[in-house]
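**Student:** What follows is start_9.txt, made up of compact mmCIF, C-alpha atoms and all ligand atoms:
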# COMPACT_ATOMS: atom_id res chain seq x y z
CA MET A 1 58.35 -32.06 26.25
CA THR A 2 57.75 -29.39 23.60
CA ASP A 3 60.48 -26.80 23.57
CA GLN A 4 59.57 -23.36 24.74
CA ILE A 5 60.44 -20.39 22.54
CA LEU A 6 62.46 -17.84 24.47
CA ILE A 7 63.63 -14.28 24.03
CA THR A 8 67.20 -14.61 25.31
CA GLY A 9 68.79 -11.44 23.97
CA CYS A 10 67.80 -7.80 23.80
CA GLY A 11 69.99 -4.99 22.48
CA THR A 12 69.62 -1.33 21.58
CA PHE A 13 71.43 1.42 19.72
CA ILE A 14 70.93 5.03 20.77
CA PRO A 15 72.49 7.76 18.58
CA SER A 16 74.75 10.12 20.50
CA GLU A 17 73.29 13.47 19.30
CA VAL A 18 70.54 14.95 21.47
CA ILE A 19 67.99 17.74 20.89
CA ASP A 20 66.07 19.02 23.90
CA ASN A 21 62.62 20.60 23.62
CA GLU A 22 63.91 24.16 24.03
CA THR A 23 66.36 23.81 21.14
CA LEU A 24 63.78 22.13 18.89
CA VAL A 25 61.17 24.79 19.64
CA LYS A 26 63.65 27.63 19.06
CA ALA A 27 64.30 26.32 15.52
CA TYR A 28 60.60 25.77 14.81
CA ASN A 29 59.64 29.21 16.11
CA ALA A 30 62.33 30.87 13.97
CA HIS A 31 60.71 29.17 10.97
CA VAL A 32 57.28 30.47 12.09
CA GLU A 33 58.59 34.02 12.36
CA GLU A 34 60.19 33.83 8.92
CA TYR A 35 57.06 32.31 7.35
CA ASN A 36 54.72 34.87 8.90
CA ARG A 37 57.03 37.71 7.74
CA GLU A 38 57.30 36.34 4.19
CA TYR A 39 53.54 35.92 3.83
CA SER A 40 52.46 38.90 5.94
CA ALA A 41 50.45 40.53 3.12
CA GLU A 42 48.51 37.33 2.33
CA ILE A 43 47.97 36.67 6.04
CA ALA A 44 46.65 40.24 6.50
CA ALA A 45 44.32 39.77 3.50
CA GLY A 46 42.96 36.53 5.00
CA ASP A 47 44.33 34.40 2.12
CA ARG A 48 46.75 32.48 4.29
CA THR A 49 46.76 31.42 7.95
CA ALA A 50 49.57 32.61 10.18
CA LEU A 51 51.58 29.86 11.85
CA LYS A 52 51.52 29.63 15.66
CA ASN A 53 54.56 29.16 17.87
CA SER A 54 55.37 25.81 19.42
CA SER A 55 56.21 25.56 23.12
CA ALA A 56 58.56 23.37 25.17
CA ASP A 57 56.06 23.26 28.04
CA PHE A 58 53.26 22.06 25.75
CA ILE A 59 55.48 19.27 24.44
CA LYS A 60 56.47 18.06 27.89
CA ASN A 61 52.93 18.20 29.26
CA ALA A 62 51.21 16.68 26.20
CA SER A 63 53.69 13.89 25.52
CA GLY A 64 56.13 13.42 28.42
CA ILE A 65 59.03 14.02 26.00
CA GLU A 66 61.90 16.26 27.17
CA GLU A 67 64.57 15.38 24.61
CA ARG A 68 65.25 12.98 21.74
CA HIS A 69 68.37 11.29 20.39
CA VAL A 70 68.83 11.76 16.66
CA MET A 71 71.13 10.54 13.89
CA GLU A 72 71.93 14.13 12.76
CA ALA A 73 70.99 17.17 14.83
CA SER A 74 72.50 20.20 13.06
CA GLY A 75 70.16 20.05 10.04
CA ILE A 76 67.06 19.56 12.21
CA ILE A 77 67.77 22.61 14.37
CA ASP A 78 68.70 24.83 11.43
CA PRO A 79 65.46 26.86 10.87
CA LYS A 80 66.22 27.15 7.15
CA ARG A 81 66.52 23.36 6.80
CA LEU A 82 64.51 21.62 9.55
CA ARG A 83 65.53 18.12 8.49
CA PRO A 84 68.61 15.97 9.07
CA ASN A 85 71.62 16.86 6.93
CA LEU A 86 73.07 13.56 5.74
CA GLY A 87 75.87 12.67 3.39
CA ASP A 88 74.72 10.53 0.46
CA ARG A 89 76.45 7.28 1.32
CA ASN A 90 78.06 5.28 -1.43
CA PRO A 91 76.25 1.94 -2.07
CA ASP A 92 79.40 0.13 -0.90
CA GLU A 93 79.18 1.81 2.53
CA LEU A 94 76.84 0.55 5.22
CA SER A 95 73.53 2.37 4.92
CA TYR A 96 72.26 4.50 7.82
CA GLN A 97 69.61 2.10 9.04
CA ALA A 98 71.85 -0.94 8.57
CA GLU A 99 74.43 0.78 10.80
CA MET A 100 71.75 1.28 13.48
CA GLY A 101 70.37 -2.26 13.19
CA LEU A 102 73.84 -3.81 13.20
CA ALA A 103 74.81 -2.11 16.47
CA ALA A 104 71.61 -3.21 18.23
CA ALA A 105 71.92 -6.74 16.79
CA LYS A 106 75.44 -7.18 18.21
CA ASN A 107 74.21 -6.14 21.65
CA ALA A 108 71.28 -8.60 21.50
CA LEU A 109 73.60 -11.47 20.50
CA ASP A 110 75.98 -10.55 23.34
CA GLN A 111 73.17 -10.65 25.88
CA ALA A 112 72.04 -14.04 24.56
CA LYS A 113 75.68 -15.28 24.65
CA LYS A 114 75.38 -16.24 20.98
CA SER A 115 77.46 -15.79 17.86
CA THR A 116 76.39 -15.10 14.29
CA SER A 117 76.44 -18.86 13.53
CA ASP A 118 73.47 -19.14 15.92
CA VAL A 119 71.26 -17.05 13.61
CA GLY A 120 69.39 -18.73 10.75
CA MET A 121 66.88 -16.01 10.01
CA LEU A 122 67.12 -12.23 10.37
CA ILE A 123 64.03 -10.03 10.21
CA SER A 124 64.09 -6.27 9.98
CA ALA A 125 60.88 -4.97 11.54
CA CYS A 126 60.32 -1.20 11.48
CA SER A 127 58.09 1.58 10.18
CA ASN A 128 60.11 3.02 7.31
CA TYR A 129 63.01 1.97 5.14
CA GLU A 130 65.51 4.24 3.48
CA ARG A 131 65.13 2.23 0.25
CA PRO A 132 62.77 -0.46 -1.06
CA TYR A 133 65.58 -2.88 -2.00
CA PRO A 134 68.00 -4.54 -1.65
CA SER A 135 66.59 -5.45 1.74
CA LEU A 136 68.06 -3.70 4.76
CA ALA A 137 67.92 -7.03 6.62
CA ILE A 138 70.09 -8.67 3.95
CA GLU A 139 72.58 -5.84 4.32
CA VAL A 140 72.75 -6.43 8.09
CA GLN A 141 72.97 -10.19 7.43
CA LYS A 142 76.02 -9.60 5.22
CA ALA A 143 77.65 -7.22 7.71
CA LEU A 144 77.26 -9.80 10.49
CA GLY A 145 78.28 -12.73 8.25
CA ILE A 146 75.11 -14.74 8.91
CA ASN A 147 74.13 -17.81 6.87
CA GLY A 148 70.45 -18.48 6.21
CA PHE A 149 68.14 -15.73 5.05
CA ALA A 150 66.91 -12.25 5.91
CA PHE A 151 64.01 -10.02 4.93
CA ASP A 152 62.32 -6.71 5.72
CA MET A 153 58.82 -6.30 7.04
CA ASN A 154 56.77 -3.30 8.06
CA VAL A 155 53.76 -3.12 10.35
CA ALA A 156 54.58 0.44 11.43
CA CYS A 157 55.12 0.88 15.20
CA SER A 158 53.69 -2.62 15.82
CA SER A 159 56.32 -4.34 13.67
CA VAL A 160 58.21 -6.13 16.47
CA PRO A 161 55.31 -8.25 17.89
CA PHE A 162 54.45 -9.26 14.31
CA ALA A 163 58.09 -10.28 13.77
CA ILE A 164 58.02 -12.22 17.07
CA ARG A 165 55.03 -14.19 15.69
CA LEU A 166 57.07 -15.11 12.58
CA ALA A 167 60.12 -16.02 14.65
CA TYR A 168 58.02 -18.10 17.07
CA ASN A 169 56.26 -20.07 14.30
CA SER A 170 59.52 -20.65 12.43
CA LEU A 171 61.36 -21.92 15.51
CA LEU A 172 58.50 -24.31 16.33
CA THR A 173 58.26 -25.74 12.83
CA GLN A 174 61.85 -25.61 11.50
CA PRO A 175 64.16 -27.68 13.71
CA GLU A 176 67.16 -26.77 11.54
CA LEU A 177 66.78 -23.09 12.48
CA PRO A 178 69.15 -22.28 15.38
CA GLY A 179 67.73 -18.87 16.28
CA VAL A 180 66.09 -15.74 14.90
CA LEU A 181 67.37 -12.19 15.13
CA ILE A 182 64.90 -9.30 14.88
CA VAL A 183 66.26 -5.79 14.28
CA SER A 184 64.20 -2.61 14.42
CA PRO A 185 66.23 0.38 13.21
CA GLU A 186 63.98 3.44 13.31
CA PHE A 187 65.25 6.63 11.62
CA TYR A 188 62.07 8.62 12.26
CA THR A 189 63.54 12.10 12.00
CA GLY A 190 64.24 11.45 8.31
CA HIS A 191 60.51 11.59 7.52
CA LEU A 192 59.18 13.82 10.27
CA ASN A 193 57.58 17.11 9.26
CA PHE A 194 59.65 19.56 11.33
CA ARG A 195 57.45 22.38 9.93
CA ASP A 196 54.36 20.85 11.56
CA ARG A 197 53.66 22.13 15.08
CA ASP A 198 51.42 19.16 15.92
CA SER A 199 54.03 16.48 15.22
CA HIS A 200 57.53 18.02 15.03
CA PHE A 201 58.34 17.00 18.60
CA ILE A 202 57.10 13.42 18.71
CA PHE A 203 59.87 11.20 17.37
CA GLY A 204 63.50 10.35 17.95
CA ASP A 205 65.86 7.84 16.33
CA ALA A 206 66.93 4.50 17.86
CA ALA A 207 67.23 0.81 17.10
CA GLY A 208 66.25 -2.27 19.06
CA ALA A 209 67.01 -5.96 18.52
CA LEU A 210 65.82 -9.26 19.97
CA TYR A 211 67.21 -12.79 19.71
CA LEU A 212 64.80 -15.75 19.96
CA GLU A 213 65.65 -19.45 20.25
CA ARG A 214 64.34 -22.74 21.61
CA SER A 215 64.80 -23.35 25.36
CA GLU A 216 67.10 -26.35 24.72
CA THR A 217 69.82 -24.09 23.25
CA SER A 218 69.53 -21.18 25.70
CA LYS A 219 72.62 -20.14 27.67
CA SER A 220 71.01 -16.98 28.97
CA SER A 221 70.38 -16.24 32.63
CA ASN A 222 67.90 -13.54 31.60
CA ALA A 223 65.38 -15.28 29.34
CA PHE A 224 61.64 -14.77 28.80
CA SER A 225 59.33 -17.49 27.53
CA VAL A 226 56.81 -16.44 24.85
CA LYS A 227 53.41 -17.70 26.10
CA ASN A 228 50.82 -16.03 23.89
CA ILE A 229 50.84 -13.68 20.88
CA GLN A 230 47.85 -11.60 19.76
CA LEU A 231 47.89 -9.50 16.58
CA GLN A 232 45.26 -7.14 15.16
CA THR A 233 44.88 -4.75 12.22
CA HIS A 234 42.02 -2.33 11.42
CA PHE A 235 42.39 0.18 8.57
CA SER A 236 42.63 3.84 9.57
CA ASN A 237 43.94 7.02 7.91
CA ASN A 238 44.61 8.67 11.27
CA ILE A 239 48.34 7.95 11.12
CA ARG A 240 49.64 8.18 7.59
CA ASN A 241 52.75 8.68 5.48
CA ASP A 242 52.48 8.58 1.66
CA GLY A 243 56.18 9.21 1.12
CA GLY A 244 56.63 6.14 -1.08
CA PHE A 245 57.98 5.61 -4.58
CA LEU A 246 54.78 6.79 -6.32
CA ARG A 247 55.17 10.39 -5.13
CA GLN A 248 56.98 11.27 -8.39
CA ALA A 249 54.34 9.56 -10.49
CA VAL A 250 51.49 11.37 -8.74
CA ASN A 251 53.35 14.70 -9.07
CA ARG A 252 53.81 15.27 -5.35
CA THR A 253 57.51 16.00 -5.55
CA ASP A 254 57.60 18.91 -3.06
CA PRO A 255 59.63 17.45 -0.18
CA TRP A 256 57.48 19.46 2.26
CA HIS A 257 54.17 18.17 0.92
CA PRO A 258 52.44 17.08 4.14
CA ARG A 259 51.35 13.76 2.56
CA ASN A 260 54.98 12.85 1.87
CA LEU A 261 55.81 12.93 5.58
CA PHE A 262 54.42 11.59 8.86
CA SER A 263 51.05 13.03 9.83
CA GLN A 264 48.45 12.04 12.38
CA GLN A 265 45.18 12.99 13.99
CA GLY A 266 46.69 12.65 17.47
CA ARG A 267 43.48 12.96 19.50
CA ALA A 268 41.61 10.41 17.37
CA VAL A 269 44.56 8.03 17.65
CA PHE A 270 44.53 8.38 21.42
CA ARG A 271 40.75 7.81 21.62
CA GLU A 272 40.63 4.83 19.27
CA ILE A 273 43.83 2.97 20.14
CA VAL A 274 43.43 2.90 23.94
CA PRO A 275 40.26 0.68 23.95
CA LEU A 276 41.55 -1.49 21.11
CA VAL A 277 44.83 -2.25 22.88
CA SER A 278 43.48 -2.62 26.42
CA GLU A 279 40.78 -5.09 25.25
CA MET A 280 43.35 -7.07 23.29
CA ILE A 281 45.60 -7.45 26.34
CA LEU A 282 42.72 -8.30 28.70
CA ASN A 283 41.48 -10.98 26.25
CA GLN A 284 44.98 -12.36 26.09
CA LEU A 285 45.20 -12.63 29.89
CA ASP A 286 41.75 -14.33 29.94
CA GLU A 287 42.84 -16.82 27.29
CA GLU A 288 45.82 -17.85 29.40
CA GLY A 289 43.92 -17.74 32.72
CA ILE A 290 46.28 -15.06 34.10
CA ARG A 291 44.87 -12.60 36.65
CA ARG A 292 45.61 -8.89 36.08
CA SER A 293 47.15 -8.79 39.54
CA SER A 294 49.79 -11.31 38.40
CA LEU A 295 51.19 -8.90 35.78
CA LYS A 296 54.46 -7.46 37.02
CA ARG A 297 55.47 -5.52 33.89
CA VAL A 298 53.71 -3.70 31.07
CA TRP A 299 56.26 -2.87 28.35
CA LEU A 300 54.39 -0.64 25.91
CA HIS A 301 55.08 1.11 22.62
CA GLN A 302 56.49 4.45 23.74
CA ALA A 303 53.75 6.61 22.21
CA ASN A 304 52.89 9.23 24.76
CA SER A 305 53.18 9.15 28.55
CA LYS A 306 49.48 9.96 29.13
CA MET A 307 48.35 7.30 26.68
CA ASN A 308 50.67 4.68 28.19
CA LEU A 309 49.56 5.56 31.72
CA LEU A 310 45.89 5.26 30.78
CA LEU A 311 46.50 1.91 29.07
CA ALA A 312 48.39 0.53 32.07
CA LYS A 313 45.61 1.71 34.43
CA LYS A 314 42.98 -0.06 32.33
CA ILE A 315 45.03 -3.25 32.28
CA LEU A 316 46.09 -3.31 35.94
CA GLU A 317 42.91 -1.63 37.32
CA ARG A 318 45.10 0.65 39.42
CA GLU A 319 47.85 3.25 39.13
CA PRO A 320 51.05 1.52 37.86
CA SER A 321 54.37 2.07 39.60
CA HIS A 322 57.38 3.35 37.62
CA ALA A 323 58.81 -0.17 37.70
CA GLU A 324 55.61 -1.76 36.38
CA LEU A 325 55.28 0.68 33.48
CA PRO A 326 58.76 1.45 32.11
CA LEU A 327 58.70 4.78 30.25
CA VAL A 328 61.69 5.91 28.18
CA LEU A 329 59.86 8.74 26.38
CA LYS A 330 61.39 11.49 28.48
CA ASN A 331 64.88 11.01 26.99
CA TYR A 332 64.21 9.28 23.66
CA GLY A 333 60.77 10.43 22.47
CA ASN A 334 58.65 8.03 20.44
CA THR A 335 61.09 5.77 18.60
CA GLY A 336 58.49 3.91 16.55
CA ALA A 337 58.77 0.11 16.53
CA ALA A 338 62.03 0.27 18.49
CA GLY A 339 60.35 1.96 21.50
CA VAL A 340 58.91 -1.16 23.14
CA VAL A 341 62.31 -2.88 22.78
CA LEU A 342 63.99 0.12 24.47
CA ALA A 343 61.50 -0.11 27.37
CA PHE A 344 62.01 -3.90 27.59
CA SER A 345 65.78 -3.51 27.53
CA GLU A 346 65.80 -1.06 30.43
CA SER A 347 63.56 -3.15 32.67
CA GLN A 348 64.11 -6.92 32.62
CA ASN A 349 64.69 -7.45 36.36
CA LEU A 350 61.79 -9.77 37.19
CA ASP A 351 61.69 -12.82 39.48
CA PRO A 352 61.48 -16.21 37.74
CA GLY A 353 57.85 -17.11 36.97
CA SER A 354 56.72 -13.45 36.79
CA TRP A 355 54.42 -12.36 33.97
CA GLY A 356 54.77 -9.35 31.71
CA VAL A 357 53.14 -8.07 28.56
CA PHE A 358 55.15 -6.66 25.64
CA CYS A 359 52.79 -4.64 23.45
CA ALA A 360 53.11 -2.27 20.50
CA PHE A 361 50.52 -0.34 18.48
CA GLY A 362 50.37 2.29 15.79
CA ALA A 363 49.60 3.06 12.18
CA GLY A 364 47.39 0.64 10.31
CA TYR A 365 45.85 0.64 12.86
CA SER A 366 47.93 -2.29 14.00
CA ALA A 367 48.56 -3.76 17.43
CA GLY A 368 50.43 -6.75 18.74
CA SER A 369 50.78 -8.11 22.26
CA VAL A 370 53.17 -10.83 23.48
CA LEU A 371 52.63 -12.40 26.89
CA LEU A 372 55.99 -13.25 28.46
CA GLN A 373 57.00 -15.25 31.53
CA LYS A 374 60.44 -14.79 33.08
CA CYS A 375 62.37 -18.08 33.10
C1 LIG B 1 49.98 14.23 19.61
C2 LIG B 1 49.52 14.52 21.03
C3 LIG B 1 50.73 14.50 21.96
C4 LIG B 1 48.91 15.91 21.07
O1 LIG B 1 48.40 16.18 22.36
P1 LIG B 1 46.93 16.78 22.56
O2 LIG B 1 46.80 17.10 23.98
O3 LIG B 1 45.97 15.82 21.94
O4 LIG B 1 47.05 18.12 21.77
P2 LIG B 1 46.17 18.68 20.54
O5 LIG B 1 46.83 18.28 19.26
O6 LIG B 1 44.75 18.33 20.68
O7 LIG B 1 46.36 20.20 20.79
C5 LIG B 1 45.88 20.88 21.99
C6 LIG B 1 46.16 22.33 21.84
O8 LIG B 1 47.57 22.56 21.83
C7 LIG B 1 47.96 23.19 20.62
N1 LIG B 1 49.24 22.65 20.16
C8 LIG B 1 49.45 21.61 19.32
N2 LIG B 1 50.75 21.44 19.14
C9 LIG B 1 51.38 22.37 19.87
C10 LIG B 1 52.74 22.69 20.09
N3 LIG B 1 53.73 22.00 19.51
N4 LIG B 1 53.03 23.72 20.91
C11 LIG B 1 52.05 24.44 21.49
N5 LIG B 1 50.74 24.17 21.32
C12 LIG B 1 50.41 23.15 20.53
C13 LIG B 1 46.83 22.90 19.63
O9 LIG B 1 46.76 23.91 18.64
C14 LIG B 1 45.65 22.90 20.54
O10 LIG B 1 45.25 24.21 20.79
P3 LIG B 1 43.67 24.61 20.80
O11 LIG B 1 43.08 23.80 21.92
O12 LIG B 1 43.72 26.08 21.05
O13 LIG B 1 43.16 24.20 19.46
C15 LIG B 1 48.49 13.47 21.51
O14 LIG B 1 47.27 13.64 20.85
C16 LIG B 1 48.96 12.06 21.31
O15 LIG B 1 49.98 11.65 21.81
N6 LIG B 1 48.19 11.24 20.62
C17 LIG B 1 48.58 9.87 20.35
C18 LIG B 1 49.64 9.90 19.33
C19 LIG B 1 50.30 8.58 19.10
O16 LIG B 1 50.59 7.83 19.98
N7 LIG B 1 50.53 8.25 17.88
C20 LIG B 1 51.13 7.00 17.58
C21 LIG B 1 52.18 7.20 16.62
S1 LIG B 1 52.91 5.65 16.46
Could I get this structure in the form of structure tokens?
**Tutor:**
Amino acid sequence: MTDQILITGCGTFIPSEVIDNETLVKAYNAHVEEYNREYSAEIAAGDRTALKNSSADFIKNASGIEERHVMEASGIIDPKRLRPNLGDRNPDELSYQAEMGLAAAKNALDQAKKSTSDVGMLISACSNYERPYPSLAIEVQKALGINGFAFDMNVACSSVPFAIRLAYNSLLTQPELPGVLIVSPEFYTGHLNFRDRDSHFIFGDAAGALYLERSETSKSSNAFSVKNIQLQTHFSNNIRNDGGFLRQAVNRTDPWHPRNLFSQQGRAVFREIVPLVSEMILNQLDEEGIRRSSLKRVWLHQANSKMNLLLAKKILEREPSHAELPLVLKNYGNTGAAGVVLAFSESQNLDPGSWGVFCAFGAGYSAGSVLLQKC
């Protein structure tokens, strides 16, 4: 019998510092006041537009987010700074994202009851990297003492399903590979525009990790079999971040230049992503002959509570229960590629044989959906 490929371990890392909406908005509004005072003459002359205040109620109602965990809070809530205040770590120290990925990776290996000798390939799968090279994954590989190889990949918030596809194919075709570790360390607040009212509230920091292996080696009592993987990409500028290495060369060195940081057309994203993702999942269910009513869990990218609710309604053809649609946005915000792993980690209690869909989507546009069956 062909081995099944299983997810047998899931781990997360949540930074301890927390910023609630009220505190975030207080800092942003202090910036608005200062800006409008500094440019009052130009604003009065019509040469510049006054900034508008943000509001904690708007954030909660529009996104479902009430607070976010962050790697460094004091710099973000300082109105004169509005960005994390980090020490410049020495190259011999563990980098920030490696620290996040390492913590989540250890938790995933623990859940799978595996040691580092059970990992032959380590993939880092997230939206942004604090440096182009050496690879963050290789740094985590070294810190864990893993043989084999490691590499970074980036498909924005959809990175984890794309990494699952690589892990799945590798485990099926490379019998010498004991298991694959995927880490997704998202340090979103490092490239969030905290001067932008439309997006300053969206993201938090967190890491997720998954361990995949063949069924013959599994020792886990909490495993999920990967049954179908669908991936899609369609180019769009509606979620964009040009903060790459060419910014010096194209003379966009101002750290506050909006193109150097995350920006999105949120309404267009909502409108265009919902049909793309719901059709992808429904096609996937059709392909496998699974009825919508058999789906017991919809683990989604933690984008926005309204968007996730609408997606789940389209997939299930009814209102989902809290258990069917795990939402972790309230406490963590959108944590990029790590978000779907956080939702999965908090809600794995399914009966054997039950079906669930693990789906992420985001910039690209990109989307990936993994149909899972509880073992
Ligand atoms: C970003 C998002 C939460 C914004 O919600 P929205 O309801 O679409 O809000 P809009 O941006 O259209 O703004 C609605 C109004 O609130 C105002 N507003 C925007 N930000 C505000 C803030 N922080 N505080 C108060 N008011 C705000 C706008 O100016 C607008 O006012 P107007 O109607 O007078 O022009 C929502 O569009 C979204 O989640 N989209 C999907 C994003 C996503 O998932 N991206 C994926 C990233 S991986």
**Student:** Leaving out segment 165-167 of chain A and any residue of its chain fewer than 5 positions from it, which residues lie within 8 Å of it when counting all atoms listed in the file, given as a PyMOL selection string?
**Tutor:** chain A and resi 180+212+229
**Student:** Please find the residues contacting ligand LIG 1 (chain B) at a distance of at most 8 Å between atoms, with all atoms listed in the file counted, and report them as a ChimeraX atom specification.
**Tutor:** /A:25,52-59,62-63,156-157,197-202,239,264-270,301-307,334,336,361-363
**Student:** Could the residues in this selection be saved with C-alpha atoms as a PDB file, in the frame of the given file?
**Tutor:**
ATOM      1  CA  VAL A  25      61.170  24.790  19.640  1.00  0.00           C
ATOM      2  CA  LYS A  52      51.520  29.630  15.660  1.00  0.00           C
ATOM      3  CA  ASN A  53      54.560  29.160  17.870  1.00  0.00           C
ATOM      4  CA  SER A  54      55.370  25.810  19.420  1.00  0.00           C
ATOM      5  CA  SER A  55      56.210  25.560  23.120  1.00  0.00           C
ATOM      6  CA  ALA A  56      58.560  23.370  25.170  1.00  0.00           C
ATOM      7  CA  ASP A  57      56.060  23.260  28.040  1.00  0.00           C
ATOM      8  CA  PHE A  58      53.260  22.060  25.750  1.00  0.00           C
ATOM      9  CA  ILE A  59      55.480  19.270  24.440  1.00  0.00           C
ATOM     10  CA  ALA A  62      51.210  16.680  26.200  1.00  0.00           C
ATOM     11  CA  SER A  63      53.690  13.890  25.520  1.00  0.00           C
ATOM     12  CA  ALA A 156      54.580   0.440  11.430  1.00  0.00           C
ATOM     13  CA  CYS A 157      55.120   0.880  15.200  1.00  0.00           C
ATOM     14  CA  ARG A 197      53.660  22.130  15.080  1.00  0.00           C
ATOM     15  CA  ASP A 198      51.420  19.160  15.920  1.00  0.00           C
ATOM     16  CA  SER A 199      54.030  16.480  15.220  1.00  0.00           C
ATOM     17  CA  HIS A 200      57.530  18.020  15.030  1.00  0.00           C
ATOM     18  CA  PHE A 201      58.340  17.000  18.600  1.00  0.00           C
ATOM     19  CA  ILE A 202      57.100  13.420  18.710  1.00  0.00           C
ATOM     20  CA  ILE A 239      48.340   7.950  11.120  1.00  0.00           C
ATOM     21  CA  GLN A 264      48.450  12.040  12.380  1.00  0.00           C
ATOM     22  CA  GLN A 265      45.180  12.990  13.990  1.00  0.00           C
ATOM     23  CA  GLY A 266      46.690  12.650  17.470  1.00  0.00           C
ATOM     24  CA  ARG A 267      43.480  12.960  19.500  1.00  0.00           C
ATOM     25  CA  ALA A 268      41.610  10.410  17.370  1.00  0.00           C
ATOM     26  CA  VAL A 269      44.560   8.030  17.650  1.00  0.00           C
ATOM     27  CA  PHE A 270      44.530   8.380  21.420  1.00  0.00           C
ATOM     28  CA  HIS A 301      55.080   1.110  22.620  1.00  0.00           C
ATOM     29  CA  GLN A 302      56.490   4.450  23.740  1.00  0.00           C
ATOM     30  CA  ALA A 303      53.750   6.610  22.210  1.00  0.00           C
ATOM     31  CA  ASN A 304      52.890   9.230  24.760  1.00  0.00           C
ATOM     32  CA  SER A 305      53.180   9.150  28.550  1.00  0.00           C
ATOM     33  CA  LYS A 306      49.480   9.960  29.130  1.00  0.00           C
ATOM     34  CA  MET A 307      48.350   7.300  26.680  1.00  0.00           C
ATOM     35  CA  ASN A 334      58.650   8.030  20.440  1.00  0.00           C
ATOM     36  CA  GLY A 336      58.490   3.910  16.550  1.00  0.00           C
ATOM     37  CA  PHE A 361      50.520  -0.340  18.480  1.00  0.00           C
ATOM     38  CA  GLY A 362      50.370   2.290  15.790  1.00  0.00           C
ATOM     39  CA  ALA A 363      49.600   3.060  12.180  1.00  0.00           C
TER      40      ALA A 363
END
**Student:** So what do you get for atom CA of Leu24 of chain A versus atom CA of Thr49 of chain A, distance-wise?
**Tutor:**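 Computed distance, atom CA of Leu24 of chain A to atom CA of Thr49 of chain A, equals 22.3 Å.
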**Student:** Which one is closest to Gly9 of chain A: A:Leu300, A:Leu82, A:Ala112, A:Leu192? Count all atoms listed in the file.
**Tutor:**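 Comparing A:Leu300, A:Leu82, A:Ala112, A:Leu192 against Gly9 of chain A, the winner is A:Ala112.
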**Student:** Which one is closest to Ile76 of chain A: A:Ala98, A:Leu122, A:Ala27, A:Leu231? Count only C-alpha atoms.
**Tutor:**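 Closest candidate: A:Ala27.
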**Student:** So that I can check the surroundings of Leu6 of chain A, please list as a VMD selection string every protein, DNA and RNA residue that reaches within 6 Å of it, counting all atoms listed in the file and ignoring chain neighbours fewer than 5 positions away.
**Tutor:** chain A and resid 212 to 214 224 to 226
**Student:** Could you tell me how far atom CA of Val328 of chain A lies from atom CA of Leu136 of chain A, in Å and to one decimal?
**Tutor:**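 Computing the Euclidean distance for atom CA of Val328 of chain A and atom CA of Leu136 of chain A yields 26.1 Å.
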**Student:** Compare A:Gln248, A:Gln284, A:Ser117, A:Ser278 by their minimum atom-to-atom distance to Asn308 of chain A, counting all atoms listed in the file, and give me the closest one.
**Tutor:**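 Selected residue with least distance to Asn308 of chain A: A:Ser278.
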**Student:** What does the distance from atom CA of Asp205 of chain A to atom CA of Met71 of chain A come to in Å, to one decimal?
**Tutor:**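 Here the two named atoms are 6.4 Å from each other.
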